[in-house]
$ cat upload-v8.txt   # compact mmCIF, C-alpha atoms and all ligand atoms
# COMPACT_ATOMS: atom_id res chain seq x y z
CA MET L 28 166.45 42.15 -74.47
CA THR L 29 164.69 39.92 -77.01
CA ALA L 30 163.76 41.34 -80.38
CA ARG L 31 160.61 39.56 -81.52
CA PHE L 32 159.32 42.76 -83.15
CA THR L 33 162.42 43.99 -84.99
CA GLY L 34 161.36 45.48 -88.34
CA LYS L 35 157.73 45.79 -87.22
CA VAL L 36 155.83 49.07 -87.08
CA VAL L 37 153.33 49.19 -84.22
CA LEU L 38 150.58 51.81 -83.92
CA ILE L 39 149.12 52.36 -80.43
CA THR L 40 146.17 54.64 -79.73
CA GLY L 41 146.04 55.99 -76.20
CA GLY L 42 149.83 55.59 -76.20
CA GLY L 43 150.47 58.67 -74.08
CA SER L 44 149.48 57.07 -70.78
CA GLY L 45 148.54 53.98 -68.83
CA ILE L 46 148.22 50.65 -70.62
CA GLY L 47 149.02 52.17 -74.02
CA ARG L 48 152.29 53.69 -72.82
CA ALA L 49 153.27 50.45 -71.05
CA ALA L 50 152.61 48.48 -74.25
CA ALA L 51 154.56 51.07 -76.29
CA LEU L 52 157.60 50.65 -74.04
CA ALA L 53 157.28 46.86 -74.17
CA PHE L 54 157.02 46.72 -78.00
CA ALA L 55 159.93 49.15 -78.41
CA GLY L 56 161.96 47.08 -75.94
CA GLU L 57 161.51 44.13 -78.29
CA GLY L 58 162.73 46.01 -81.34
CA ALA L 59 159.57 47.56 -82.84
CA THR L 60 159.20 51.07 -84.16
CA VAL L 61 156.25 52.41 -82.19
CA VAL L 62 153.87 55.19 -83.24
CA VAL L 63 151.81 56.49 -80.33
CA ALA L 64 148.61 58.44 -80.89
CA GLY L 65 146.18 60.40 -78.76
CA ARG L 66 144.56 63.82 -78.61
CA ASN L 67 147.25 65.56 -76.55
CA ALA L 68 150.79 66.03 -77.86
CA GLU L 69 152.56 66.39 -74.52
CA PRO L 70 151.96 62.89 -73.05
CA LEU L 71 152.75 61.34 -76.44
CA ALA L 72 156.07 63.23 -76.54
CA GLU L 73 156.83 61.90 -73.06
CA THR L 74 156.26 58.31 -74.22
CA VAL L 75 158.58 58.91 -77.19
CA LYS L 76 161.20 60.35 -74.82
CA LEU L 77 160.97 57.34 -72.48
CA ILE L 78 161.37 54.92 -75.40
CA GLU L 79 164.29 56.85 -76.92
CA ALA L 80 166.00 56.99 -73.53
CA GLU L 81 166.03 53.17 -73.63
CA GLY L 82 167.52 53.19 -77.13
CA GLY L 83 164.21 52.42 -78.86
CA ARG L 84 162.46 53.97 -81.87
CA ALA L 85 159.20 55.89 -81.49
CA ASP L 86 157.11 58.61 -83.06
CA ALA L 87 153.99 60.53 -82.02
CA VAL L 88 150.95 61.61 -84.03
CA THR L 89 148.09 63.55 -82.49
CA ALA L 90 144.70 62.20 -83.55
CA ASP L 91 141.20 61.83 -82.20
CA VAL L 92 140.04 58.26 -82.79
CA SER L 93 136.42 59.36 -83.04
CA SER L 94 137.26 61.33 -86.21
CA SER L 95 137.52 59.34 -89.44
CA PRO L 96 139.76 61.95 -91.17
CA ASP L 97 142.07 61.94 -88.12
CA VAL L 98 142.33 58.16 -88.12
CA ALA L 99 142.88 58.04 -91.89
CA ARG L 100 145.68 60.61 -91.49
CA LEU L 101 147.14 58.64 -88.55
CA VAL L 102 147.39 55.43 -90.55
CA ALA L 103 148.69 57.21 -93.67
CA THR L 104 151.31 59.14 -91.66
CA THR L 105 152.47 55.97 -89.93
CA VAL L 106 152.95 54.20 -93.25
CA GLU L 107 154.61 57.21 -94.95
CA ARG L 108 157.05 57.89 -92.14
CA HIS L 109 157.91 54.30 -91.18
CA GLY L 110 157.30 52.26 -94.31
CA GLY L 111 154.40 50.13 -93.12
CA LEU L 112 151.92 49.16 -90.42
CA HIS L 113 152.21 45.64 -89.07
CA ILE L 114 150.59 45.72 -85.62
CA ALA L 115 147.84 47.99 -84.27
CA PHE L 116 146.82 48.24 -80.62
CA ASN L 117 143.51 50.13 -80.54
CA ASN L 118 143.48 51.07 -76.90
CA ALA L 119 142.18 54.65 -76.60
CA GLY L 120 139.20 54.82 -74.29
CA VAL L 121 137.27 56.97 -71.87
CA LEU L 122 135.13 56.25 -68.83
CA GLU L 123 131.81 57.80 -67.88
CA THR L 124 129.97 56.56 -64.80
CA GLY L 125 126.70 57.24 -63.08
CA PRO L 126 123.08 56.16 -62.80
CA LEU L 127 121.54 55.70 -66.23
CA ALA L 128 118.61 57.96 -65.34
CA ASP L 129 121.01 60.82 -64.62
CA MET L 130 123.46 60.23 -67.49
CA ASP L 131 123.20 62.96 -70.06
CA GLU L 132 123.16 62.09 -73.73
CA ALA L 133 126.45 63.92 -74.32
CA ALA L 134 128.26 61.55 -71.92
CA TRP L 135 126.69 58.54 -73.68
CA ASP L 136 127.73 59.94 -77.07
CA ARG L 137 131.31 60.52 -75.82
CA LEU L 138 131.61 56.93 -74.63
CA ILE L 139 130.29 55.43 -77.82
CA SER L 140 132.21 57.76 -80.13
CA VAL L 141 135.59 57.06 -78.51
CA ASN L 142 135.29 53.52 -77.16
CA LEU L 143 133.27 51.94 -79.98
CA THR L 144 133.34 54.21 -83.04
CA GLY L 145 137.03 54.83 -82.34
CA VAL L 146 137.79 51.12 -82.59
CA PHE L 147 135.60 50.75 -85.69
CA LEU L 148 137.33 53.66 -87.45
CA SER L 149 140.77 52.45 -86.41
CA MET L 150 140.13 48.95 -87.74
CA LYS L 151 138.48 50.28 -90.90
CA HIS L 152 141.56 52.26 -91.93
CA GLN L 153 144.09 49.72 -90.64
CA ILE L 154 142.43 46.75 -92.37
CA ALA L 155 142.29 48.66 -95.66
CA HIS L 156 146.07 49.09 -95.48
CA MET L 157 146.96 45.66 -94.07
CA ARG L 158 144.87 43.59 -96.50
CA ASP L 159 146.80 45.09 -99.44
CA ASN L 160 150.19 44.91 -97.75
CA GLY L 161 150.78 41.40 -96.49
CA GLY L 162 148.43 41.31 -93.49
CA GLY L 163 148.97 42.26 -89.88
CA VAL L 164 147.83 41.96 -86.31
CA ILE L 165 145.15 44.01 -84.54
CA ILE L 166 144.43 44.02 -80.81
CA ASN L 167 141.56 46.06 -79.37
CA THR L 168 141.09 47.05 -75.74
CA ALA L 169 137.67 46.05 -74.45
CA SER L 170 137.13 45.53 -70.69
CA ASN L 171 136.03 42.82 -68.30
CA LEU L 172 133.10 45.20 -67.78
CA GLY L 173 131.09 44.43 -70.86
CA ALA L 174 131.06 40.95 -72.32
CA HIS L 175 132.30 39.33 -69.09
CA MET L 176 130.63 41.13 -66.19
CA ARG L 177 128.39 44.13 -65.51
CA LEU L 178 128.14 46.55 -62.58
CA PRO L 179 125.63 49.24 -61.67
CA TYR L 180 126.55 52.80 -62.72
CA LEU L 181 128.87 51.41 -65.37
CA GLY L 182 126.23 50.25 -67.83
CA ALA L 183 127.06 52.67 -70.62
CA TYR L 184 130.78 51.92 -70.39
CA ALA L 185 130.04 48.17 -70.28
CA ALA L 186 127.81 48.48 -73.35
CA SER L 187 130.55 50.28 -75.29
CA LYS L 188 133.13 47.65 -74.32
CA ALA L 189 130.87 44.62 -74.93
CA ALA L 190 130.45 46.01 -78.42
CA VAL L 191 134.23 46.24 -78.83
CA SER L 192 134.47 42.58 -77.87
CA ALA L 193 131.79 41.59 -80.41
CA LEU L 194 133.28 43.79 -83.13
CA SER L 195 136.74 42.33 -82.55
CA ARG L 196 135.53 38.76 -82.79
CA ALA L 197 133.48 39.42 -85.91
CA ALA L 198 136.42 41.25 -87.50
CA ALA L 199 138.64 38.29 -86.64
CA ARG L 200 136.44 35.92 -88.64
CA GLU L 201 136.15 38.40 -91.49
CA CYS L 202 139.84 39.29 -91.77
CA ILE L 203 141.85 36.16 -91.01
CA GLY L 204 141.50 35.11 -94.65
CA GLN L 205 143.26 38.35 -95.57
CA GLY L 206 146.16 37.57 -93.25
CA ILE L 207 144.97 39.90 -90.50
CA ARG L 208 144.75 38.38 -87.02
CA VAL L 209 142.35 40.27 -84.71
CA ASN L 210 141.99 39.75 -80.95
CA ALA L 211 140.94 41.78 -77.92
CA ILE L 212 142.01 42.21 -74.34
CA SER L 213 139.54 42.66 -71.50
CA PRO L 214 141.35 44.08 -68.49
CA GLY L 215 139.85 44.44 -65.05
CA PRO L 216 141.05 47.25 -62.81
CA VAL L 217 144.61 48.13 -63.80
CA ASP L 218 146.96 50.54 -62.04
CA THR L 219 146.05 53.67 -64.02
CA ALA L 220 144.05 56.80 -63.26
CA MET L 221 141.00 55.17 -64.88
CA SER L 222 140.56 52.65 -62.05
CA LEU L 223 140.51 55.39 -59.39
CA ARG L 224 137.10 56.71 -58.39
CA PRO L 225 136.81 60.50 -58.42
CA GLY L 226 138.91 61.82 -55.51
CA GLU L 227 140.03 58.32 -54.47
CA THR L 228 143.62 57.79 -53.29
CA GLU L 229 145.68 54.79 -54.39
CA ASP L 230 145.57 53.48 -50.80
CA ALA L 231 141.76 53.69 -50.74
CA ARG L 232 141.61 51.89 -54.10
CA ALA L 233 143.90 49.17 -52.72
CA GLU L 234 141.48 48.67 -49.80
CA ARG L 235 138.50 48.53 -52.17
CA MET L 236 140.23 45.96 -54.38
CA LYS L 237 140.64 43.52 -51.50
CA ASP L 238 136.91 42.81 -51.79
CA ALA L 239 136.24 43.76 -55.39
CA VAL L 240 138.75 41.41 -57.05
CA PRO L 241 139.42 37.80 -56.00
CA ILE L 242 143.18 38.30 -56.31
CA GLY L 243 142.82 41.27 -53.97
CA ARG L 244 144.61 43.96 -55.96
CA VAL L 245 144.68 45.92 -59.21
CA GLY L 246 146.60 44.57 -62.18
CA THR L 247 149.99 46.05 -62.96
CA LEU L 248 150.83 47.85 -66.18
CA ALA L 249 153.36 45.11 -66.93
CA GLU L 250 150.66 42.43 -66.58
CA ALA L 251 148.41 44.27 -69.04
CA ALA L 252 151.20 45.04 -71.52
CA SER L 253 152.55 41.49 -71.55
CA ALA L 254 149.14 40.17 -72.66
CA VAL L 255 149.18 42.57 -75.60
CA ILE L 256 152.73 41.61 -76.50
CA TRP L 257 151.85 37.92 -76.44
CA LEU L 258 148.74 38.37 -78.61
CA ALA L 259 150.84 40.32 -81.13
CA SER L 260 153.67 37.78 -81.16
CA PRO L 261 154.18 34.87 -83.55
CA GLU L 262 153.65 32.56 -80.54
CA ALA L 263 149.96 33.55 -80.65
CA GLY L 264 149.73 32.79 -84.37
CA PHE L 265 146.80 30.37 -83.97
CA THR L 266 144.89 32.70 -81.61
CA VAL L 267 142.17 34.41 -83.63
CA GLY L 268 139.06 36.18 -82.33
CA HIS L 269 140.01 35.70 -78.68
CA ASP L 270 139.00 38.17 -75.99
CA LEU L 271 141.66 37.73 -73.31
CA VAL L 272 140.40 38.55 -69.82
CA ILE L 273 143.07 39.93 -67.48
CA ASP L 274 141.17 40.74 -64.30
CA GLY L 275 142.47 38.85 -61.29
CA GLY L 276 139.40 36.64 -61.32
CA ALA L 277 136.80 39.42 -61.09
CA SER L 278 134.62 37.98 -63.82
CA ALA L 279 135.42 34.30 -63.20
N1 LIG K 301 142.63 51.02 -66.18
C1 LIG K 301 141.65 50.17 -66.08
O1 LIG K 301 141.29 49.77 -64.96
C2 LIG K 301 140.98 49.62 -67.31
C3 LIG K 301 140.18 48.48 -67.19
C4 LIG K 301 139.55 47.96 -68.33
C5 LIG K 301 139.74 48.58 -69.56
N2 LIG K 301 140.53 49.69 -69.62
C6 LIG K 301 140.68 50.29 -70.95
O2 LIG K 301 142.06 50.38 -71.23
C7 LIG K 301 142.30 51.43 -72.16
C8 LIG K 301 143.44 52.30 -71.67
O3 LIG K 301 143.04 52.91 -70.47
P1 LIG K 301 144.07 53.31 -69.29
O4 LIG K 301 143.61 52.61 -68.09
O5 LIG K 301 145.45 53.16 -69.77
O6 LIG K 301 143.64 54.83 -69.07
P2 LIG K 301 144.24 56.20 -69.59
O7 LIG K 301 145.61 56.36 -69.04
O8 LIG K 301 143.21 57.22 -69.28
O9 LIG K 301 144.37 56.00 -71.16
C9 LIG K 301 143.39 56.34 -72.07
C10 LIG K 301 144.10 56.90 -73.28
O10 LIG K 301 143.15 57.10 -74.33
C11 LIG K 301 143.45 58.32 -74.97
N3 LIG K 301 142.22 58.85 -75.57
C12 LIG K 301 141.05 59.15 -74.94
N4 LIG K 301 140.16 59.63 -75.83
C13 LIG K 301 140.78 59.64 -77.04
C14 LIG K 301 140.39 60.03 -78.34
N5 LIG K 301 139.16 60.51 -78.58
N6 LIG K 301 141.28 59.89 -79.35
C15 LIG K 301 142.52 59.40 -79.11
N7 LIG K 301 142.95 59.01 -77.90
C16 LIG K 301 142.09 59.14 -76.87
C17 LIG K 301 143.98 59.22 -73.86
O11 LIG K 301 144.82 60.24 -74.40
P3 LIG K 301 144.29 61.75 -74.69
O12 LIG K 301 143.40 62.11 -73.53
O13 LIG K 301 145.53 62.56 -74.78
O14 LIG K 301 143.57 61.65 -75.99
C18 LIG K 301 144.76 58.24 -73.01
O15 LIG K 301 146.11 58.18 -73.41
C19 LIG K 301 140.96 52.15 -72.30
O16 LIG K 301 140.30 51.73 -73.48
C20 LIG K 301 140.18 51.71 -71.08
O17 LIG K 301 138.78 51.79 -71.29
C21 LIG K 301 141.16 50.21 -68.54

$ encode --input "upload-v8.txt" --output "structure tokens"
Amino acid sequence: MTARFTGKVVLITGGGSGIGRAAALAFAGEGATVVVAGRNAEPLAETVKLIEAEGGRADAVTADVSSSPDVARLVATTVERHGGLHIAFNNAGVLETGPLADMDEAAWDRLISVNLTGVFLSMKHQIAHMRDNGGGVIINTASNLGAHMRLPYLGAYAASKAAVSALSRAAARECIGQGIRVNAISPGPVDTAMSLRPGETEDARAERMKDAVPIGRVGTLAEAASAVIWLASPEAGFTVGHDLVIDGGASA
């Protein structure tokens, strides 16, 4: 086990499942104290349990990223309990699909409030802390659907994620002078519930991926998490405002 993140406090939204949980385990495995956040306490507690079972340090805070008071409390609690905030992985997200003509405004609002406003609010409160406390690293989860490719029935989701990509790159230019390095990841289909169509089995998804993705499969959680770890590491110190596509060639 290497320990590139010993002494670092890492905050991960959407840390109770999928890519967020995989990144939480990876950061903790390299010595970080990890705070996982999401709306539901139970999956967060499970992530903490998995990390502690490996001898790592973790904590959970319930918060809705679309609520500014929640995000302010999340950042303040992280700093109070763990003495700082050095790395933030703003990864919480939701998916809504369907023809634009049939999409109700509530679904649109949900997408924008979590996927885009959630990242804005997270960065707003994190940057305010980091700029006065020696800087930090921020990584936001966009998607290959957005700035890199578009598909029918996924236009609203793509719009929310393209905006995350743009916001991340603009924030990178704005914040690097304050010692805060901002980047994004843009995954393609990764092995989580989000890449399954409603009612689809994993076998059916595997068949679909043979045509949908040049590499012929979904990405693994380890492949997604390792990109986050690299962007957060000192080895990526000169990487600023990058939007790292991890999609098996889907948007190439
Ligand atoms: N899997 C893919 O194929 C894929 C591809 C491209 C991009 N992504 C992006 O990757 C990120 C992680 O997705 P995933 O695949 O790991 O799916 P996931 O397992 O569904 O993870 C999404 C996480 O976001 C949290 N979340 C949702 N709304 C929230 C809110 N309002 N406040 C706080 N937390 C909230 C969820 O926890 P609670 O429900 O408990 O709040 C959940 O832990 C998302 O941003 C997604 O858009 C995924």

$ residues_around --input "upload-v8.txt" --residues "Ala239 in chain L" --least-positions-apart "6" --cutoff "12 Å" --atoms "only C-alpha atoms" --output "count of residues only"
12

$ residues_around --input "upload-v8.txt" --residues "range 140-147 of chain L" --least-positions-apart "5" --cutoff "8 Å" --atoms "all atoms listed in the file" --output "tab-separated table (two decimals) with C-alpha atoms, in the coordinates of the input"
chain	number	residue	atom	x	y	z
L	92	VAL	CA	140.04	58.26	-82.79
L	93	SER	CA	136.42	59.36	-83.04
L	94	SER	CA	137.26	61.33	-86.21
L	117	ASN	CA	143.51	50.13	-80.54
L	119	ALA	CA	142.18	54.65	-76.60
L	120	GLY	CA	139.20	54.82	-74.29
L	121	VAL	CA	137.27	56.97	-71.87
L	167	ASN	CA	141.56	46.06	-79.37
L	187	SER	CA	130.55	50.28	-75.29
L	188	LYS	CA	133.13	47.65	-74.32
L	190	ALA	CA	130.45	46.01	-78.42
L	191	VAL	CA	134.23	46.24	-78.83
L	194	LEU	CA	133.28	43.79	-83.13

$ residues_around --input "upload-v8.txt" --residues "Leu71 in chain L" --least-positions-apart "2" --cutoff "9 Å" --atoms "all atoms listed in the file" --output "PDB file with C-alpha atoms, keeping the file's coordinate frame"
ATOM      1  CA  GLY L  41     146.040  55.990 -76.200  1.00  0.00           C
ATOM      2  CA  GLY L  42     149.830  55.590 -76.200  1.00  0.00           C
ATOM      3  CA  GLY L  43     150.470  58.670 -74.080  1.00  0.00           C
ATOM      4  CA  SER L  44     149.480  57.070 -70.780  1.00  0.00           C
ATOM      5  CA  ARG L  48     152.290  53.690 -72.820  1.00  0.00           C
ATOM      6  CA  VAL L  63     151.810  56.490 -80.330  1.00  0.00           C
ATOM      7  CA  ALA L  64     148.610  58.440 -80.890  1.00  0.00           C
ATOM      8  CA  GLY L  65     146.180  60.400 -78.760  1.00  0.00           C
ATOM      9  CA  ARG L  66     144.560  63.820 -78.610  1.00  0.00           C
ATOM     10  CA  ASN L  67     147.250  65.560 -76.550  1.00  0.00           C
ATOM     11  CA  ALA L  68     150.790  66.030 -77.860  1.00  0.00           C
ATOM     12  CA  GLU L  69     152.560  66.390 -74.520  1.00  0.00           C
ATOM     13  CA  GLU L  73     156.830  61.900 -73.060  1.00  0.00           C
ATOM     14  CA  THR L  74     156.260  58.310 -74.220  1.00  0.00           C
ATOM     15  CA  VAL L  75     158.580  58.910 -77.190  1.00  0.00           C
ATOM     16  CA  LYS L  76     161.200  60.350 -74.820  1.00  0.00           C
ATOM     17  CA  ASP L  86     157.110  58.610 -83.060  1.00  0.00           C
ATOM     18  CA  ALA L  87     153.990  60.530 -82.020  1.00  0.00           C
ATOM     19  CA  VAL L  88     150.950  61.610 -84.030  1.00  0.00           C
ATOM     20  CA  THR L  89     148.090  63.550 -82.490  1.00  0.00           C
TER      21      THR L  89
END

$ closest_residue --input "upload-v8.txt" --among "L:Ile203, L:Ile46, L:Val98, L:Ala231" --to "ligand LIG 301 (chain K)" --atoms "all atoms listed in the file"
L:Ile46

$ axis_aligned_box --input "upload-v8.txt" --around "ligand LIG 301 (chain K)" --padding-each-side "6 Å" --output "AutoDock Vina command-line options"
--center_x 142.4 --center_y 55.3 --center_z -72.2 --size_x 19.3 --size_y 26.6 --size_z 26.4

$ atom_distance --input "upload-v8.txt" --atom1 "atom C16 of ligand LIG 301 (chain K)" --atom2 "CA of Ser95 in chain L"
13.4 Å

$ closest_residue --input "upload-v8.txt" --among "L:Val37, L:Ala263, L:Met157, L:Ala183" --to "Asp136 in chain L" --atoms "only C-alpha atoms"
L:Ala183

$ residues_around --input "upload-v8.txt" --residues "Arg224 in chain L" --least-positions-apart "2" --cutoff "12 Å" --atoms "all atoms listed in the file" --output "list in words"
Leu122, Glu123, Thr124, Gly125, Pro216, Thr219, Ala220, Met221, Ser222, Gly226, Glu227, Thr228, Glu229, Asp230, Ala231, Arg232, Ala233, Arg235 and Met236 of chain L

$ closest_residue --input "upload-v8.txt" --among "L:Leu138, L:Ile78, L:Ile114, L:Leu258" --to "His156 in chain L" --atoms "all atoms listed in the file"
L:Ile114

$ residues_around --input "upload-v8.txt" --residues "Val272 in chain L" --least-positions-apart "5" --cutoff "8 Å" --atoms "all atoms listed in the file" --output "list in words"
Ser170, Asn171, Ile212, Ser213, Pro214 and Gly215 of chain L

$ write_last_selection --input "upload-v8.txt" --atoms "C-alpha atoms" --output "mmCIF file, in the coordinates of the input"
data_model
loop_
_atom_site.group_PDB
_atom_site.id
_atom_site.type_symbol
_atom_site.label_atom_id
_atom_site.label_comp_id
_atom_site.auth_asym_id
_atom_site.auth_seq_id
_atom_site.Cartn_x
_atom_site.Cartn_y
_atom_site.Cartn_z
ATOM 1 C CA SER L 170 137.130 45.530 -70.690
ATOM 2 C CA ASN L 171 136.030 42.820 -68.300
ATOM 3 C CA ILE L 212 142.010 42.210 -74.340
ATOM 4 C CA SER L 213 139.540 42.660 -71.500
ATOM 5 C CA PRO L 214 141.350 44.080 -68.490
ATOM 6 C CA GLY L 215 139.850 44.440 -65.050
#

$ atom_distance --input "upload-v8.txt" --atom1 "CA of Thr104 in chain L" --atom2 "CA of Ile39 in chain L"
13.3 Å

$ atom_distance --input "upload-v8.txt" --atom1 "atom C15 of ligand LIG 301 (chain K)" --atom2 "CA of Ala90 in chain L"
5.7 Å

$ closest_residue --input "upload-v8.txt" --among "L:Ala193, L:Leu101, L:Ile256, L:Ala30" --to "ligand LIG 301 (chain K)" --atoms "all atoms listed in the file"
L:Leu101

$ closest_residue --input "upload-v8.txt" --among "L:His152, L:Trp257, L:Gly83, L:Gly47" --to "Pro96 in chain L" --atoms "only C-alpha atoms"
L:His152

$ closest_residue --input "upload-v8.txt" --among "L:Gly182, L:Gly34, L:Gly264, L:Gly58" --to "Gly111 in chain L" --atoms "all atoms listed in the file"
L:Gly34

$ build_atoms --input "upload-v8.txt" --residues "range 160-172 of chain L" --atoms "N, CA and C atoms" --output "compact mmCIF listing (two decimals), in the frame of the given file"
# COMPACT_ATOMS: atom_id res chain seq x y z
N ASN L 160 148.76 44.82 -98.01
CA ASN L 160 150.19 44.91 -97.75
C ASN L 160 150.70 43.77 -96.87
N GLY L 161 150.19 42.58 -97.14
CA GLY L 161 150.78 41.40 -96.49
C GLY L 161 150.19 41.04 -95.14
N GLY L 162 149.10 41.69 -94.74
CA GLY L 162 148.43 41.31 -93.49
C GLY L 162 148.94 42.07 -92.28
N GLY L 163 148.57 41.58 -91.10
CA GLY L 163 148.97 42.26 -89.88
C GLY L 163 148.27 41.68 -88.67
N VAL L 164 148.43 42.38 -87.57
CA VAL L 164 147.83 41.96 -86.31
C VAL L 164 147.12 43.17 -85.69
N ILE L 165 145.90 42.95 -85.21
CA ILE L 165 145.15 44.01 -84.54
C ILE L 165 144.71 43.51 -83.17
N ILE L 166 144.91 44.34 -82.16
CA ILE L 166 144.43 44.02 -80.81
C ILE L 166 143.64 45.23 -80.31
N ASN L 167 142.42 44.98 -79.87
CA ASN L 167 141.56 46.06 -79.37
C ASN L 167 141.39 45.95 -77.86
N THR L 168 141.32 47.09 -77.19
CA THR L 168 141.09 47.05 -75.74
C THR L 168 139.60 47.14 -75.46
N ALA L 169 139.05 46.04 -74.96
CA ALA L 169 137.67 46.05 -74.45
C ALA L 169 137.78 46.25 -72.94
N SER L 170 137.06 45.46 -72.15
CA SER L 170 137.13 45.53 -70.69
C SER L 170 136.44 44.30 -70.14
N ASN L 171 136.81 43.91 -68.91
CA ASN L 171 136.03 42.82 -68.30
C ASN L 171 134.59 43.30 -68.05
N LEU L 172 134.44 44.62 -67.87
CA LEU L 172 133.10 45.20 -67.78
C LEU L 172 132.54 45.30 -69.19
